[in-house]
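Note sheet for the following structure.
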Amino acid sequence: MVVLTDLFLALRRSIPTSKLEFDEHGMPYPVSENKDLYTKITNHLLQCGPTMLYRYRPGNNPDIDSIRKDTIWLSTLKEYNDPFEIRTSIDFEGVVDSFFRRDPKRVELMCLKRFDKNHLLYKKCINDIKAWGKNLQDELSMKQLRLFTAYFCENNGSLLMWAHYANAHKGFCIGYIFKDIVGKFSSNILPVIYSQDYFAVRSYETFADYDVFFMNAWRSKSEEWSYEKEWRLAGEYRINEPYQKGLVTSMIKPSCIYMGVNIDAAVKHQLIEICKEREIKLYQMHLSERNYRLLAYCVL
């Protein structure tokens, strides 16, 4: 997904500040006229992305309403269940070294004057970069409270996700056509990157580019979560005062619903009625008789 990241950042950088507009909350949002980049991003997403994305739900009343009304719950990153969200690692010496090496003449002068890590100027640069880095980390923490997001995954048969996010198989899983999600949200839907380490900033170029800094931090998670095959939707961004855990926004119509093996009878009845009325495919999950997997049987 390196190509996708490069395209996305190119789109962000193509937006002149004179084109900024403001929403009802007084927050700026960019308007880009670069249709070619939008087309490239959309095409890349459709070529590399899955056919479907899924969203596991516990089966409460708001979940039922979301199917009936084509809405989705967006929550702040602070409410996510992973305390490592948007954690980053900054190699301050690497950032300073790359800064000095950007100019060949500066490198030559450093060699002549035996400029090393004990030099006062080098130590001052380290301190300045650390102060700047603290400000960036503070901004990331602020975005945890202001950015409202939703998660999806590529798999509707994950035993762990049915247990963790669908109320121990008592809830359901909503299926959306990926092409339709991209059609509605464009480049605001991106895949998560899994690794053993935090997103690491080792060069001045990455350190100084806040778009790279934030986007990679937002999309990075431990590889222990890789079974989720998660995609993230960046929804609304606003000053969140007083603090709200989340909000409801419009969503595309579901393509299908999968009911858990322990689905509540009342929830099942509501889903059958809604899916009949709205012509949404409905499936019932069953336990396999031979191995540890779930089987989906068509109900409607």
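Letters for chains follow the order of the structure tokens (A, B, ...), residue numbers begin at 1 for each chain, and ligand numbers begin at 1 in the order shown.
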(request) Identify, with DSSP run on backbone atoms, the residues in region 22-186 of chain A assigned to alpha helix (DSSP H), and express the list as a PyMOL selection string. (result) chain A and resi 35-48+61-69+92-100+104-112+120-146+159-165+178-185
(request) Using DSSP on the backbone, list every residue of region 111-292 of chain A that comes out as strand (DSSP E), and give them as a PyMOL selection string. (result) chain A and resi 147-153+172-177+189-191+193-195+199-201+220-222+230-237+246-250+256-259+281-287
Selected residues, N, CA and C atoms, written as a compact mmCIF listing (two decimals), in the first residue's frame, please.
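again39.txt, freshly written:
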```txt
# COMPACT_ATOMS: atom_id res chain seq x y z
N LEU A 147 -10.98 13.45 16.09
CA LEU A 147 -11.24 12.71 14.86
C LEU A 147 -12.20 11.56 15.15
N PHE A 148 -13.34 11.55 14.44
CA PHE A 148 -14.35 10.51 14.61
C PHE A 148 -14.18 9.48 13.48
N THR A 149 -14.01 8.23 13.87
CA THR A 149 -13.67 7.20 12.89
C THR A 149 -14.54 5.95 13.08
N ALA A 150 -14.50 5.09 12.08
CA ALA A 150 -15.17 3.79 12.15
C ALA A 150 -14.22 2.73 11.61
N TYR A 151 -14.35 1.51 12.10
CA TYR A 151 -13.48 0.43 11.64
C TYR A 151 -14.30 -0.61 10.88
N PHE A 152 -13.64 -1.26 9.94
CA PHE A 152 -14.22 -2.37 9.17
C PHE A 152 -13.17 -3.46 9.10
N CYS A 153 -13.57 -4.64 8.62
CA CYS A 153 -12.60 -5.71 8.42
C CYS A 153 -12.97 -6.48 7.16
N PHE A 172 -24.49 -9.40 15.38
CA PHE A 172 -24.51 -9.67 13.94
C PHE A 172 -23.36 -8.96 13.25
N CYS A 173 -23.17 -9.28 12.00
CA CYS A 173 -22.10 -8.71 11.18
C CYS A 173 -22.73 -8.10 9.93
N ILE A 174 -22.43 -6.84 9.68
CA ILE A 174 -23.00 -6.12 8.54
C ILE A 174 -22.00 -6.12 7.39
N GLY A 175 -22.44 -6.47 6.19
CA GLY A 175 -21.59 -6.48 5.02
C GLY A 175 -21.88 -5.32 4.09
N TYR A 176 -20.84 -4.63 3.67
CA TYR A 176 -20.96 -3.50 2.74
C TYR A 176 -20.12 -3.77 1.50
N ILE A 177 -20.60 -3.37 0.36
CA ILE A 177 -19.84 -3.48 -0.89
C ILE A 177 -18.73 -2.43 -0.87
N ILE A 189 -11.11 6.16 3.35
CA ILE A 189 -11.08 4.78 3.82
C ILE A 189 -9.73 4.17 3.45
N LEU A 190 -8.97 3.72 4.46
CA LEU A 190 -7.61 3.23 4.23
C LEU A 190 -7.34 1.99 5.07
N PRO A 191 -6.47 1.10 4.61
CA PRO A 191 -6.15 -0.11 5.37
C PRO A 191 -5.16 0.16 6.49
N ILE A 193 -1.89 -0.73 8.79
CA ILE A 193 -0.57 -1.33 8.59
C ILE A 193 -0.14 -1.98 9.91
N TYR A 194 0.20 -3.27 9.85
CA TYR A 194 0.58 -4.01 11.06
C TYR A 194 2.10 -4.22 11.11
N SER A 195 2.66 -4.05 12.30
CA SER A 195 4.11 -4.25 12.46
C SER A 195 4.43 -4.54 13.92
N PHE A 199 5.21 3.17 14.42
CA PHE A 199 5.66 3.91 13.25
C PHE A 199 6.85 4.76 13.68
N ALA A 200 7.99 4.58 13.01
CA ALA A 200 9.23 5.24 13.42
C ALA A 200 9.58 6.39 12.47
N VAL A 201 9.89 7.52 13.07
CA VAL A 201 10.33 8.69 12.32
C VAL A 201 11.84 8.78 12.43
N SER A 220 -1.29 2.64 11.97
CA SER A 220 -0.34 1.63 12.47
C SER A 220 -0.89 0.92 13.70
N LYS A 221 -0.77 -0.41 13.70
CA LYS A 221 -1.15 -1.21 14.86
C LYS A 221 -0.19 -2.38 15.01
N SER A 222 -0.19 -2.97 16.19
CA SER A 222 0.64 -4.15 16.43
C SER A 222 0.21 -5.29 15.52
N GLU A 230 -7.99 -4.94 9.23
CA GLU A 230 -8.82 -3.76 9.45
C GLU A 230 -8.64 -2.67 8.40
N TRP A 231 -9.74 -2.00 8.09
CA TRP A 231 -9.75 -0.76 7.31
C TRP A 231 -10.37 0.32 8.19
N ARG A 232 -9.87 1.55 8.06
CA ARG A 232 -10.37 2.64 8.88
C ARG A 232 -10.96 3.76 8.04
N LEU A 233 -12.10 4.21 8.49
CA LEU A 233 -12.78 5.33 7.84
C LEU A 233 -12.59 6.59 8.67
N ALA A 234 -11.98 7.61 8.09
CA ALA A 234 -11.84 8.90 8.76
C ALA A 234 -13.10 9.70 8.47
N GLY A 235 -13.89 9.90 9.50
CA GLY A 235 -15.15 10.62 9.32
C GLY A 235 -14.99 12.09 9.62
N GLU A 236 -15.71 12.56 10.60
CA GLU A 236 -15.73 13.99 10.90
C GLU A 236 -14.57 14.37 11.81
N TYR A 237 -14.05 15.58 11.59
CA TYR A 237 -13.02 16.15 12.46
C TYR A 237 -13.53 17.50 12.95
N GLY A 246 -18.74 9.78 20.54
CA GLY A 246 -18.98 9.45 19.14
C GLY A 246 -20.18 10.17 18.59
N LEU A 247 -20.48 9.90 17.34
CA LEU A 247 -21.63 10.52 16.69
C LEU A 247 -22.12 9.61 15.57
N VAL A 248 -23.33 9.88 15.12
CA VAL A 248 -23.95 9.10 14.04
C VAL A 248 -23.88 9.90 12.75
N THR A 249 -23.52 9.23 11.65
CA THR A 249 -23.49 9.89 10.35
C THR A 249 -24.08 8.96 9.30
N SER A 250 -24.31 9.49 8.10
CA SER A 250 -24.93 8.70 7.05
C SER A 250 -23.98 7.64 6.50
N CYS A 256 -25.61 -7.07 3.01
CA CYS A 256 -26.02 -8.32 3.65
C CYS A 256 -25.81 -8.23 5.15
N ILE A 257 -26.49 -9.11 5.88
CA ILE A 257 -26.37 -9.21 7.33
C ILE A 257 -26.14 -10.67 7.69
N TYR A 258 -25.18 -10.91 8.61
CA TYR A 258 -24.92 -12.26 9.11
C TYR A 258 -25.26 -12.29 10.60
N MET A 259 -26.20 -13.16 10.99
CA MET A 259 -26.62 -13.27 12.39
C MET A 259 -25.74 -14.28 13.12
N LYS A 281 -29.90 -9.00 1.92
CA LYS A 281 -29.64 -10.43 2.10
C LYS A 281 -29.36 -10.72 3.57
N LEU A 282 -29.93 -11.81 4.07
CA LEU A 282 -29.79 -12.16 5.48
C LEU A 282 -29.31 -13.61 5.61
N TYR A 283 -28.30 -13.80 6.46
CA TYR A 283 -27.73 -15.13 6.66
C TYR A 283 -27.70 -15.46 8.15
N GLN A 284 -27.74 -16.76 8.44
CA GLN A 284 -27.60 -17.25 9.80
C GLN A 284 -26.30 -18.05 9.90
N MET A 285 -25.47 -17.69 10.88
CA MET A 285 -24.23 -18.41 11.09
C MET A 285 -24.49 -19.69 11.90
N HIS A 286 -23.80 -20.77 11.52
CA HIS A 286 -23.87 -22.05 12.23
C HIS A 286 -22.46 -22.56 12.48
N LEU A 287 -22.31 -23.39 13.51
CA LEU A 287 -21.02 -24.01 13.78
C LEU A 287 -20.80 -25.17 12.83
```
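Of the listed residues (A:Asp82, A:Asp180, A:Asp264, A:Asp138), A:Asp82 comes nearest to Trp225 (chain A); the distances count only C-alpha atoms.
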(request) Name the residues in contact with Ile252 (chain A) at a cut-off of 7 Å, using only C-alpha atoms, excluding same-chain residues fewer than 2 positions from it; report them as a VMD selection string. (result) chain A and resid 70 181 254
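Distance annotation: of A:Asp209, A:Ile90, A:Lys276, A:Asn188, the residue with the minimal separation from Tyr38 (chain A) is A:Asn188; atom set is only C-alpha atoms.
Distances from A:Gln137, A:Trp132, A:Tyr198, A:Ile67 to Cys275 (chain A) were compared using only C-alpha atoms, and the smallest one belongs to A:Ile67.
Using only C-alpha atoms, the protein and nucleic acid residues lying no more than 10 Å from region 60-62 of chain A, apart from those fewer than 5 places from it along its own chain, are A:Ile67, A:Arg68, A:Thr71, A:Ile72, A:Trp73, A:Asn167, A:Gly171, A:Phe172, A:Val248, A:Val267.
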